[in-house]
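Structure file start_20.txt with compact mmCIF, C-alpha atoms:
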# COMPACT_ATOMS: atom_id res chain seq x y z
CA MET A 1332 111.40 111.22 125.04
CA SER A 1333 114.51 109.56 126.49
CA ASP A 1334 112.83 106.44 125.25
CA ALA A 1335 113.03 107.63 121.69
CA ALA A 1336 116.71 108.43 121.99
CA ALA A 1337 117.45 104.97 123.28
CA ARG A 1338 115.67 103.27 120.43
CA PRO A 1339 118.44 102.83 117.84
CA SER A 1340 120.49 100.76 120.24
CA ASP A 1341 117.38 98.82 121.13
CA LEU A 1342 116.86 98.09 117.44
CA SER A 1343 120.31 96.62 116.97
CA ALA A 1344 119.95 94.62 120.16
CA GLN A 1345 116.67 93.25 118.84
CA SER A 1346 118.12 92.23 115.50
CA GLN A 1347 121.02 90.46 117.18
CA THR A 1348 118.81 88.27 119.32
CA HIS A 1349 116.01 87.49 116.92
CA ASP A 1350 112.89 86.90 118.99
CA PRO A 1351 109.91 88.20 117.04
CA TYR A 1352 107.26 86.61 119.24
CA ARG A 1353 108.82 88.03 122.44
CA LEU A 1354 109.15 84.56 123.93
CA GLY A 1355 112.26 85.47 125.90
CA ARG A 1356 111.05 88.79 127.21
CA ARG A 1357 111.43 89.74 130.81
CA GLY A 1358 108.45 90.62 132.97
CA GLY A 1359 104.92 89.32 132.86
CA GLN A 1360 101.85 90.34 130.88
CA GLY A 1361 101.12 93.45 132.87
CA GLY A 1362 104.56 94.90 133.36
CA GLY A 1363 104.82 97.03 130.26
CA SER A 1364 107.13 99.75 131.48
CA ASP A 1365 109.96 98.74 129.17
CA ARG A 1366 109.14 99.45 125.53
CA ARG A 1367 110.82 96.25 124.44
CA ASP A 1368 108.11 94.38 126.24
CA ALA A 1369 105.41 95.80 124.05
CA THR A 1370 103.54 93.06 122.23
CA GLY A 1371 101.46 95.26 119.98
CA ARG A 1372 98.40 94.50 122.02
CA GLY A 1373 98.39 97.50 124.29
CA GLU A 1374 101.41 97.09 126.49
CA GLY A 1375 103.62 99.65 124.82
CA GLY A 1376 100.97 102.33 124.63
CA PRO A 1377 98.80 103.02 121.61
CA ALA A 1378 100.08 102.18 118.15
CA SER A 1379 100.92 104.97 115.75
CA LYS A 1380 98.16 106.65 113.80
CA ARG A 1381 99.28 104.93 110.59
CA VAL A 1382 98.62 101.52 112.13
CA THR A 1383 95.32 102.43 113.78
CA VAL A 1384 93.96 104.19 110.68
CA ALA A 1385 94.91 101.34 108.36
CA TYR A 1386 93.60 98.75 110.83
CA GLY A 1387 90.29 100.57 111.11
CA PHE A 1388 90.06 100.66 107.33
CA TRP A 1389 90.91 96.95 107.21
CA ILE A 1390 87.93 96.30 109.52
CA PHE A 1391 85.72 98.39 107.20
CA LEU A 1392 86.93 96.42 104.18
CA LEU A 1393 86.19 93.13 105.89
CA SER A 1394 82.67 94.34 106.75
CA ASP A 1395 82.29 95.41 103.11
CA ILE A 1396 83.32 91.90 102.06
CA VAL A 1397 80.75 90.49 104.49
CA MET A 1398 78.12 92.69 102.78
CA PHE A 1399 79.25 91.32 99.40
CA SER A 1400 78.87 87.81 100.77
CA GLY A 1401 75.16 88.57 101.17
CA PHE A 1402 74.93 89.49 97.49
CA PHE A 1403 76.94 86.39 96.57
CA ALA A 1404 74.63 84.20 98.65
CA ALA A 1405 71.57 85.77 96.99
CA TYR A 1406 73.06 85.21 93.56
CA ALA A 1407 74.08 81.63 94.33
CA VAL A 1408 70.56 80.82 95.54
CA LEU A 1409 68.82 82.56 92.63
CA ALA A 1410 71.22 81.56 89.84
CA GLY A 1411 68.95 78.77 88.63
CA GLN A 1412 65.69 80.75 88.77
CA THR A 1413 65.65 82.11 85.23
CA ALA A 1414 61.82 82.14 84.94
CA GLY A 1415 62.05 80.89 81.35
CA GLY A 1416 64.30 83.82 80.47
CA PRO A 1417 67.86 83.82 79.17
CA THR A 1418 70.46 81.88 81.18
CA GLY A 1419 73.99 82.91 81.98
CA ARG A 1420 75.27 80.56 79.30
CA GLU A 1421 73.41 82.56 76.66
CA LEU A 1422 74.21 86.01 78.07
CA PHE A 1423 77.79 86.00 79.31
CA GLU A 1424 80.69 86.80 77.00
CA VAL A 1425 83.79 85.24 78.53
CA ARG A 1426 86.03 87.27 76.18
CA ARG A 1427 84.79 90.55 77.60
CA VAL A 1428 85.16 89.28 81.17
CA ALA A 1429 88.74 88.20 80.43
CA ILE A 1430 89.61 91.72 79.28
CA GLU A 1431 87.87 93.23 82.33
CA THR A 1432 89.83 90.90 84.59
CA ALA A 1433 93.12 91.83 82.92
CA CYS A 1434 92.30 95.54 83.36
CA LEU A 1435 91.54 95.17 87.05
CA LEU A 1436 94.55 92.95 87.78
CA ALA A 1437 96.89 95.34 85.95
CA SER A 1438 95.36 98.32 87.78
CA SER A 1439 95.92 96.54 91.10
CA PHE A 1440 99.58 96.14 90.12
CA THR A 1441 100.04 99.78 89.07
CA CYS A 1442 98.30 100.85 92.29
CA GLY A 1443 100.94 98.90 94.21
CA MET A 1444 103.65 100.57 92.12
CA GLY A 1445 102.10 103.89 93.12
CA SER A 1446 102.43 103.00 96.80
CA VAL A 1447 106.07 101.99 96.32
CA ALA A 1448 106.76 105.29 94.53
CA ALA A 1449 104.93 107.23 97.26
CA ALA A 1450 107.01 105.51 99.95
CA ARG A 1451 110.09 106.85 98.13
CA ARG A 1452 108.42 110.27 97.75
CA ASN A 1453 108.72 110.19 93.98
CA MET A 1454 105.99 112.54 92.76
CA ALA A 1455 106.23 111.79 89.03
CA TRP A 1456 106.07 108.00 89.32
CA THR A 1457 103.34 108.17 91.97
CA GLN A 1458 101.15 110.30 89.72
CA ILE A 1459 101.88 108.21 86.62
CA SER A 1460 101.11 104.95 88.45
CA LEU A 1461 97.89 106.33 89.88
CA LEU A 1462 96.87 107.75 86.49
CA VAL A 1463 97.39 104.35 84.81
CA THR A 1464 95.44 102.74 87.67
CA GLY A 1465 92.59 105.15 87.08
CA LEU A 1466 92.57 104.66 83.30
CA LEU A 1467 92.48 100.86 83.65
CA GLY A 1468 89.71 101.14 86.22
CA PHE A 1469 87.78 103.46 83.91
CA LEU A 1470 88.19 100.99 81.04
CA PHE A 1471 86.77 98.29 83.31
CA ILE A 1472 83.74 100.43 84.16
CA VAL A 1473 83.14 101.32 80.50
CA MET A 1474 83.15 97.64 79.50
CA GLU A 1475 80.81 96.73 82.34
CA VAL A 1476 78.35 99.52 81.51
CA GLN A 1477 78.48 98.37 77.87
CA GLU A 1478 77.67 94.82 78.94
CA PHE A 1479 74.77 95.99 81.12
CA ALA A 1480 73.40 98.18 78.32
CA THR A 1481 73.58 95.29 75.84
CA MET A 1482 71.81 92.93 78.23
CA ILE A 1483 69.06 95.42 79.06
CA GLY A 1484 68.67 96.18 75.35
CA GLU A 1485 68.10 92.47 74.69
CA GLY A 1486 65.33 92.44 77.27
CA ALA A 1487 67.50 90.75 79.90
CA GLY A 1488 67.29 93.54 82.49
CA PRO A 1489 67.11 93.02 86.26
CA GLN A 1490 63.29 92.75 86.13
CA ARG A 1491 63.36 89.74 83.77
CA SER A 1492 64.07 87.00 86.31
CA ALA A 1493 65.34 86.38 89.83
CA PHE A 1494 68.63 85.23 88.33
CA LEU A 1495 69.09 88.54 86.53
CA SER A 1496 68.06 90.55 89.61
CA GLY A 1497 70.75 88.78 91.60
CA PHE A 1498 73.25 89.23 88.79
CA PHE A 1499 72.68 92.96 88.39
CA ALA A 1500 72.70 93.52 92.16
CA LEU A 1501 75.99 91.68 92.66
CA VAL A 1502 77.93 92.86 89.61
CA GLY A 1503 76.41 96.36 89.82
CA CYS A 1504 77.44 96.66 93.46
CA HIS A 1505 81.02 95.80 92.55
CA GLY A 1506 80.91 98.27 89.66
CA LEU A 1507 79.60 100.94 92.01
CA HIS A 1508 82.53 100.28 94.35
CA VAL A 1509 84.99 100.65 91.46
CA SER A 1510 83.31 103.93 90.42
CA VAL A 1511 83.57 105.30 93.95
CA GLY A 1512 87.19 104.13 93.99
CA LEU A 1513 87.83 106.11 90.80
CA LEU A 1514 86.41 109.27 92.40
CA TRP A 1515 88.59 108.64 95.44
CA LEU A 1516 91.60 108.08 93.18
CA GLY A 1517 91.02 111.42 91.45
CA THR A 1518 90.85 113.36 94.71
CA MET A 1519 93.85 111.37 95.98
CA MET A 1520 95.97 112.43 93.00
CA ALA A 1521 94.95 116.06 93.49
CA GLN A 1522 95.76 115.92 97.21
CA ILE A 1523 99.20 114.39 96.59
CA TRP A 1524 99.87 117.03 93.94
CA VAL A 1525 98.85 119.94 96.16
CA LYS A 1526 99.95 118.83 99.61
CA GLY A 1527 102.88 116.54 98.89
CA PHE A 1528 103.74 113.37 100.82
CA THR A 1529 102.66 114.44 104.31
CA PRO A 1530 101.81 111.71 106.86
CA PRO A 1531 98.02 112.21 106.49
CA ILE A 1532 98.28 111.90 102.70
CA GLN A 1533 100.41 108.77 103.05
CA ARG A 1534 97.76 107.26 105.35
CA ARG A 1535 94.98 108.03 102.87
CA LEU A 1536 97.01 106.53 100.05
CA LEU A 1537 97.56 103.39 102.13
CA CYS A 1538 93.80 103.12 102.70
CA PHE A 1539 93.12 103.65 98.99
CA ASN A 1540 95.57 100.87 98.15
CA LEU A 1541 93.80 98.53 100.53
CA PHE A 1542 90.43 99.45 98.99
CA TRP A 1543 91.59 98.91 95.42
CA HIS A 1544 93.25 95.54 96.15
CA ALA A 1545 90.16 94.40 98.05
CA LEU A 1546 88.00 95.24 95.02
CA ASP A 1547 90.26 93.03 92.92
CA ILE A 1548 89.85 90.18 95.42
CA ILE A 1549 86.07 90.52 95.19
CA TRP A 1550 86.32 90.52 91.39
CA VAL A 1551 88.25 87.21 91.51
CA ALA A 1552 85.34 85.62 93.37
CA LEU A 1553 82.89 87.35 91.04
CA PHE A 1554 84.32 86.29 87.69
CA THR A 1555 84.74 82.73 88.96
CA ILE A 1556 81.30 82.25 90.49
CA VAL A 1557 79.19 84.40 88.18
CA TYR A 1558 80.84 84.28 84.79
CA LEU A 1559 82.99 81.15 84.53
CA LEU A 1560 80.63 78.85 86.46
CA GLY A 1561 77.60 80.53 84.85
CA ALA A 1562 78.95 80.21 81.30
CA GLY A 1563 79.94 76.61 81.87
CA GLN A 1564 76.58 75.35 83.10
CA MET B 286 104.56 113.17 121.52
CA SER B 287 102.31 113.73 118.54
CA ASN B 288 105.41 114.11 116.40
CA ALA B 289 106.78 110.83 117.60
CA ALA B 290 103.49 109.10 116.82
CA GLU B 291 103.70 110.27 113.20
CA SER B 292 107.06 108.69 112.48
CA PRO B 293 106.70 105.37 110.65
CA ASP B 294 109.42 103.60 112.64
CA GLU B 295 107.46 104.04 115.84
CA ASP B 296 105.72 100.69 115.54
CA TRP B 297 107.66 97.80 116.86
CA ASP B 298 105.19 95.07 116.98
CA ASP B 299 102.33 96.03 114.72
CA SER B 300 102.11 96.51 110.98
CA ALA B 301 99.39 98.40 109.25
CA PRO B 302 97.55 96.18 106.78
CA GLY B 303 98.86 96.80 103.28
CA GLU B 304 102.24 97.87 104.53
CA GLY B 305 105.28 96.02 103.20
CA GLN B 306 108.09 94.96 105.47
CA GLU B 307 110.93 96.70 103.66
CA ALA B 308 110.50 99.32 100.98
CA GLY B 309 113.42 98.05 98.89
CA SER B 310 111.84 94.76 97.85
CA GLY B 311 108.40 96.31 97.28
CA VAL B 312 108.55 96.26 93.49
CA ARG B 313 109.72 92.64 93.40
CA THR B 314 106.85 91.58 95.67
CA TYR B 315 104.28 93.20 93.39
CA VAL B 316 105.88 91.70 90.27
CA ILE B 317 105.83 88.20 91.77
CA GLY B 318 102.22 88.75 92.84
CA LEU B 319 101.22 89.95 89.38
CA ALA B 320 102.92 86.97 87.71
CA LEU B 321 101.27 84.41 90.01
CA ALA B 322 97.85 86.08 89.81
CA SER B 323 98.06 86.26 86.00
CA LEU B 324 99.00 82.58 85.87
CA LEU B 325 96.03 81.60 88.03
CA THR B 326 93.65 83.86 86.05
CA VAL B 327 94.77 82.31 82.76
CA ALA B 328 94.35 78.87 84.31
CA SER B 329 90.81 79.75 85.46
CA PHE B 330 89.73 80.99 82.05
CA GLY B 331 91.50 78.06 80.40
CA VAL B 332 89.69 75.52 82.56
CA GLY B 333 86.39 77.29 81.88
CA ALA B 334 86.84 77.58 78.12
CA THR B 335 88.42 74.26 77.16
CA HIS B 336 87.61 70.61 77.79
CA PHE B 337 90.95 69.99 79.40
CA LEU B 338 89.33 68.83 82.65
CA TRP B 339 86.63 66.24 83.21
CA ALA B 340 83.42 68.30 83.09
CA PRO B 341 82.11 67.57 86.63
CA ALA B 342 85.49 68.58 88.09
CA VAL B 343 85.46 72.02 86.46
CA PRO B 344 83.50 73.86 89.20
CA VAL B 345 85.75 72.46 91.91
CA ALA B 346 88.87 73.42 89.94
CA LEU B 347 87.55 76.95 89.39
CA VAL B 348 86.78 77.45 93.09
CA VAL B 349 90.20 76.13 94.10
CA LEU B 350 91.93 78.43 91.59
CA ALA B 351 89.90 81.41 92.84
CA ILE B 352 90.77 80.74 96.48
CA ALA B 353 94.44 80.36 95.53
CA GLN B 354 94.34 83.67 93.67
CA MET B 355 92.70 85.45 96.61
CA GLY B 356 95.53 84.12 98.77
CA ILE B 357 98.09 85.47 96.29
CA HIS B 358 96.38 88.87 96.37
CA LEU B 359 96.34 88.90 100.18
CA VAL B 360 100.01 87.98 100.52
CA PHE B 361 101.63 89.90 97.66
CA PHE B 362 99.34 92.92 97.28
CA LEU B 363 97.87 93.41 100.76
CA HIS B 364 101.02 92.11 102.51
CA VAL B 365 99.11 90.03 105.04
CA THR B 366 101.67 87.68 106.50
CA THR B 367 101.89 85.26 109.38
CA GLY B 368 104.48 87.41 111.14
CA PRO B 369 104.00 88.54 114.72
CA ASP B 370 103.42 92.16 113.63
CA ASN B 371 100.44 91.03 111.58
CA THR B 372 98.54 89.11 114.26
CA ASN B 373 95.75 91.67 114.58
CA ASN B 374 95.23 91.86 110.82
CA VAL B 375 95.13 88.10 110.45
CA VAL B 376 92.69 87.61 113.32
CA ALA B 377 90.33 90.21 111.82
CA LEU B 378 90.66 88.52 108.43
CA ALA B 379 89.93 85.11 109.93
CA PHE B 380 86.76 86.44 111.53
CA GLY B 381 85.69 88.01 108.24
CA VAL B 382 86.28 84.77 106.35
CA MET B 383 84.26 82.87 108.95
CA VAL B 384 81.28 85.20 108.56
CA VAL B 385 81.50 85.05 104.76
CA VAL B 386 81.62 81.25 104.77
CA LEU B 387 78.68 81.04 107.19
CA VAL B 388 76.55 83.44 105.13
CA ILE B 389 77.24 81.89 101.73
CA LEU B 390 77.32 78.18 102.60
CA GLY B 391 74.48 78.61 105.09
CA SER B 392 72.26 80.33 102.54
CA ILE B 393 72.96 77.74 99.86
CA TRP B 394 72.37 74.90 102.30
CA ILE B 395 69.10 76.23 103.70
CA MET B 396 67.69 77.39 100.38
CA GLY B 397 68.65 74.09 98.76
CA HIS B 398 66.64 72.24 101.41
CA LEU B 399 63.71 74.61 101.00
CA GLN B 400 63.68 73.99 97.29
CA HIS B 401 63.51 70.25 97.90
CA ALA B 402 60.81 70.62 100.54
CA LEU B 403 58.57 73.09 98.72
CA MET B 404 56.76 72.40 95.52
CA THR B 405 56.76 74.89 92.71
CA PRO B 406 53.29 75.94 91.42
CA GLU B 407 53.77 73.78 88.30
CA GLN B 408 54.48 70.71 90.38
CA MET B 409 51.37 71.42 92.46
CA MET B 410 49.25 71.69 89.32
CA ARG B 411 50.60 68.36 88.15
CA MET B 412 49.71 66.78 91.50
CA GLN B 413 46.14 68.04 91.34
CA ARG B 414 45.50 66.62 87.93
Show the structure stored in the file as structure tokens.
Amino acid sequence: MSDAAARPSDLSAQSQTHDPYRLGRRGGQGGGSDRRDATGRGEGGPASKRVTVAYGFWIFLLSDIVMFSGFFAAYAVLAGQTAGGPTGRELFEVRRVAIETACLLASSFTCGMGSVAAARRNMAWTQISLLVTGLLGFLFIVMEVQEFATMIGEGAGPQRSAFLSGFFALVGCHGLHVSVGLLWLGTMMAQIWVKGFTPPIQRRLLCFNLFWHALDIIWVALFTIVYLLGAGQ
Amino acid sequence: MSNAAESPDEDWDDSAPGEGQEAGSGVRTYVIGLALASLLTVASFGVGATHFLWAPAVPVALVVLAIAQMGIHLVFFLHVTTGPDNTNNVVALAFGVMVVVLVILGSIWIMGHLQHALMTPEQMMRMQR
């Protein structure tokens, strides 16, 4: 605990001699008794729970993206196999996709605003930001379900061709992620409301932010590869 | 000790992914990110919808714009930087990107070859005639 008391002076000493990569540190790799020697790779003891939780969630997100890459690969391979059925050029409405994209991008932004407000422990702005995030996400889901219903109504359901199977699997999987995110968002808002900005709640909110931004990144790949390239061909 | 581990200023050398460096400039970072991402999105849809670019170059332009936008999202929304406190996050990301590239490009490559090597039933019928 004497360590913790000595930290403020350590901090100022660190900012005076700026050496972020610890190039000028004393001692070798193993001698991690001094906290200033910690490199973030085990020498200074375990990282705080906030870092380990968020890092673990980051690994999960990357594995989720790897799973999506399988769907993307399947779609890319099957995109031309329309079995005489409708092609993407005939089916996709770029207008609708543009609105969906705007919704998701704006919701990503408001989600970030929510995290800024939560860092400042501002309950009203956190809840408002998260509510707007949820509404934009819900609008996205509604438009996507509408699109799916229209396509299936026209006889272009997932059973029509390999292209459409790949399309529904890929876009549906993303939509499912957004739906789960909305459920998570709802419980998140309730938890913040009831429990306040405790460290566990802050960690969960950080993870939710990561999840929501990652979904937006996947959507960028999706609207480019599926809709814009598909509508152009 | 558990109390000390909860305090956010405990971490000297490691940032959680998604965590900004200083809370004060958080809003500005998100606004810049939103502006750049919007610009790239509009450019993507513009390239797709108009005949501004030479037609065969459109797919390449779209892919480049998408990769640029993903980079914008990573830097301004997920706060992945090249700083020393982000090394772990970046290494994990690099591994993820490698797997994604292998899966997608590998699948397209192999399946493209298979399609050249195998005949479709219609082609086979034509051969037999």
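Near Trp1456 of chain A, within a cut-off of 12 Å and counting all atoms listed in the file, sit the residues Thr1441, Cys1442, Gly1443, Met1444, Gly1445, Ser1446, Val1447, Ala1448, Ala1449, Ala1450, Arg1451, Arg1452, Asn1453, Ile1459, Ser1460, Leu1461, Leu1462, Val1463, Thr1464, Met1520, Ile1523 and Trp1524 of chain A, with same-chain residues fewer than 3 positions away left out.
Minimum atom-to-atom distances from B:Leu347, B:Leu324, B:Met409, B:Val360 to chain A were compared using only C-alpha atoms, and the lowest value belongs to B:Leu347.
Distances from B:Ser392, B:Thr405, B:Asn371, B:Thr314 to chain A were compared using all atoms listed in the file, and the smallest one belongs to B:Ser392.
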Which residue gives the smallest distance to chain A among B:Gln413, B:Gln408, B:Thr335, B:Thr366, with all atoms listed in the file counted?
->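 Closest to chain A, using all atoms listed in the file: B:Thr335.
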For Pro1417 of chain A, work out the shell of residues within 10 Å, counting only C-alpha atoms and skipping chain neighbours fewer than 6 positions away, then give it as a ChimeraX atom specification.
-> /A:1482,1485-1487,1491-1492,1494-1495
Given a cut-off of 8 Å, which residues of chain B touch chain A, counting all atoms listed in the file, written out as JSON, numbers by chain?
-> {"B": [286, 290, 291, 292, 293, 295, 296, 297, 298, 299, 300, 301, 302, 303, 304, 308, 311, 312, 315, 316, 319, 322, 323, 329, 330, 333, 334, 344, 347, 348, 351, 352, 354, 355, 358, 362, 363, 369, 370, 374, 377, 378, 381, 384, 385, 388, 389, 390, 392, 393, 396, 397]}
Atom CA of Arg411 of chain B and atom CA of Gly1416 of chain A, how far apart in Å?
->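 Computing it gives 22.0 Å between the two atoms.
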To one decimal place, how far is atom CA of Thr326 of chain B from atom CA of Phe1479 of chain A in Å?
->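 Straight-line distance from atom CA of Thr326 of chain B to atom CA of Phe1479 of chain A works out to 23.0 Å.
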At what distance in Å, to one decimal, does atom CA of Glu1475 of chain A lie from atom CA of Gly1503 of chain A?
->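 It comes out at 8.7 Å.
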Point out the residue among A:Leu1546, A:Leu1466, A:Ala1455, A:Val1557 with the least atom-to-atom distance to Gly1517 of chain A, counting all atoms listed in the file.
->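 Between A:Leu1546, A:Leu1466, A:Ala1455, A:Val1557, the residue approaching Gly1517 of chain A most closely is A:Leu1466.
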Starting from the incomplete input, reconstruct N, CA and C atoms of segment 1417-1444 of chain A and write that as a CSV table (one decimal), in the frame of the given file.
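Once everything was written out, this is result.csv:
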chain,number,residue,atom,x,y,z
A,1417,PRO,N,66.5,84.2,79.6
A,1417,PRO,CA,67.9,83.8,79.2
A,1417,PRO,C,68.7,83.4,80.4
A,1418,THR,N,69.6,82.4,80.1
A,1418,THR,CA,70.5,81.9,81.2
A,1418,THR,C,71.8,82.5,81.0
A,1419,GLY,N,72.7,82.3,82.0
A,1419,GLY,CA,74.0,82.9,82.0
A,1419,GLY,C,74.8,82.4,80.8
A,1420,ARG,N,74.6,81.1,80.4
A,1420,ARG,CA,75.3,80.6,79.3
A,1420,ARG,C,75.0,81.3,78.0
A,1421,GLU,N,73.8,81.8,77.9
A,1421,GLU,CA,73.4,82.6,76.7
A,1421,GLU,C,73.9,84.0,76.7
A,1422,LEU,N,74.0,84.6,77.9
A,1422,LEU,CA,74.2,86.0,78.1
A,1422,LEU,C,75.7,86.4,78.2
A,1423,PHE,N,76.5,85.6,78.9
A,1423,PHE,CA,77.8,86.0,79.3
A,1423,PHE,C,78.8,85.8,78.2
A,1424,GLU,N,79.6,86.9,78.0
A,1424,GLU,CA,80.7,86.8,77.0
A,1424,GLU,C,82.0,86.7,77.8
A,1425,VAL,N,82.6,85.5,77.7
A,1425,VAL,CA,83.8,85.2,78.5
A,1425,VAL,C,84.9,86.1,78.1
A,1426,ARG,N,85.0,86.4,76.7
A,1426,ARG,CA,86.0,87.3,76.2
A,1426,ARG,C,86.1,88.6,76.9
A,1427,ARG,N,84.9,89.2,77.0
A,1427,ARG,CA,84.8,90.6,77.6
A,1427,ARG,C,85.2,90.5,79.1
A,1428,VAL,N,84.8,89.4,79.8
A,1428,VAL,CA,85.2,89.3,81.2
A,1428,VAL,C,86.7,89.1,81.3
A,1429,ALA,N,87.3,88.4,80.4
A,1429,ALA,CA,88.7,88.2,80.4
A,1429,ALA,C,89.5,89.5,80.3
A,1430,ILE,N,89.0,90.4,79.4
A,1430,ILE,CA,89.6,91.7,79.3
A,1430,ILE,C,89.4,92.6,80.5
A,1431,GLU,N,88.2,92.5,81.1
A,1431,GLU,CA,87.9,93.2,82.3
A,1431,GLU,C,88.8,92.8,83.4
A,1432,THR,N,89.0,91.5,83.5
A,1432,THR,CA,89.8,90.9,84.6
A,1432,THR,C,91.3,91.4,84.4
A,1433,ALA,N,91.7,91.4,83.2
A,1433,ALA,CA,93.1,91.8,82.9
A,1433,ALA,C,93.3,93.3,83.3
A,1434,CYS,N,92.3,94.1,83.0
A,1434,CYS,CA,92.3,95.5,83.4
A,1434,CYS,C,92.4,95.7,84.9
A,1435,LEU,N,91.6,95.0,85.6
A,1435,LEU,CA,91.5,95.2,87.0
A,1435,LEU,C,92.8,94.6,87.7
A,1436,LEU,N,93.3,93.5,87.2
A,1436,LEU,CA,94.6,93.0,87.8
A,1436,LEU,C,95.7,93.9,87.5
A,1437,ALA,N,95.8,94.4,86.3
A,1437,ALA,CA,96.9,95.3,86.0
A,1437,ALA,C,96.8,96.6,86.8
A,1438,SER,N,95.5,97.1,87.0
A,1438,SER,CA,95.4,98.3,87.8
A,1438,SER,C,95.8,98.1,89.2
A,1439,SER,N,95.5,96.9,89.7
A,1439,SER,CA,95.9,96.5,91.1
A,1439,SER,C,97.4,96.6,91.2
A,1440,PHE,N,98.1,96.1,90.1
A,1440,PHE,CA,99.6,96.1,90.1
A,1440,PHE,C,100.1,97.6,90.1
A,1441,THR,N,99.5,98.4,89.2
A,1441,THR,CA,100.0,99.8,89.1
A,1441,THR,C,99.7,100.6,90.4
A,1442,CYS,N,98.6,100.2,91.0
A,1442,CYS,CA,98.3,100.8,92.3
A,1442,CYS,C,99.4,100.5,93.3
A,1443,GLY,N,99.8,99.3,93.3
A,1443,GLY,CA,100.9,98.9,94.2
A,1443,GLY,C,102.2,99.6,93.9
A,1444,MET,N,102.5,99.8,92.5
A,1444,MET,CA,103.6,100.6,92.1
A,1444,MET,C,103.5,102.0,92.6
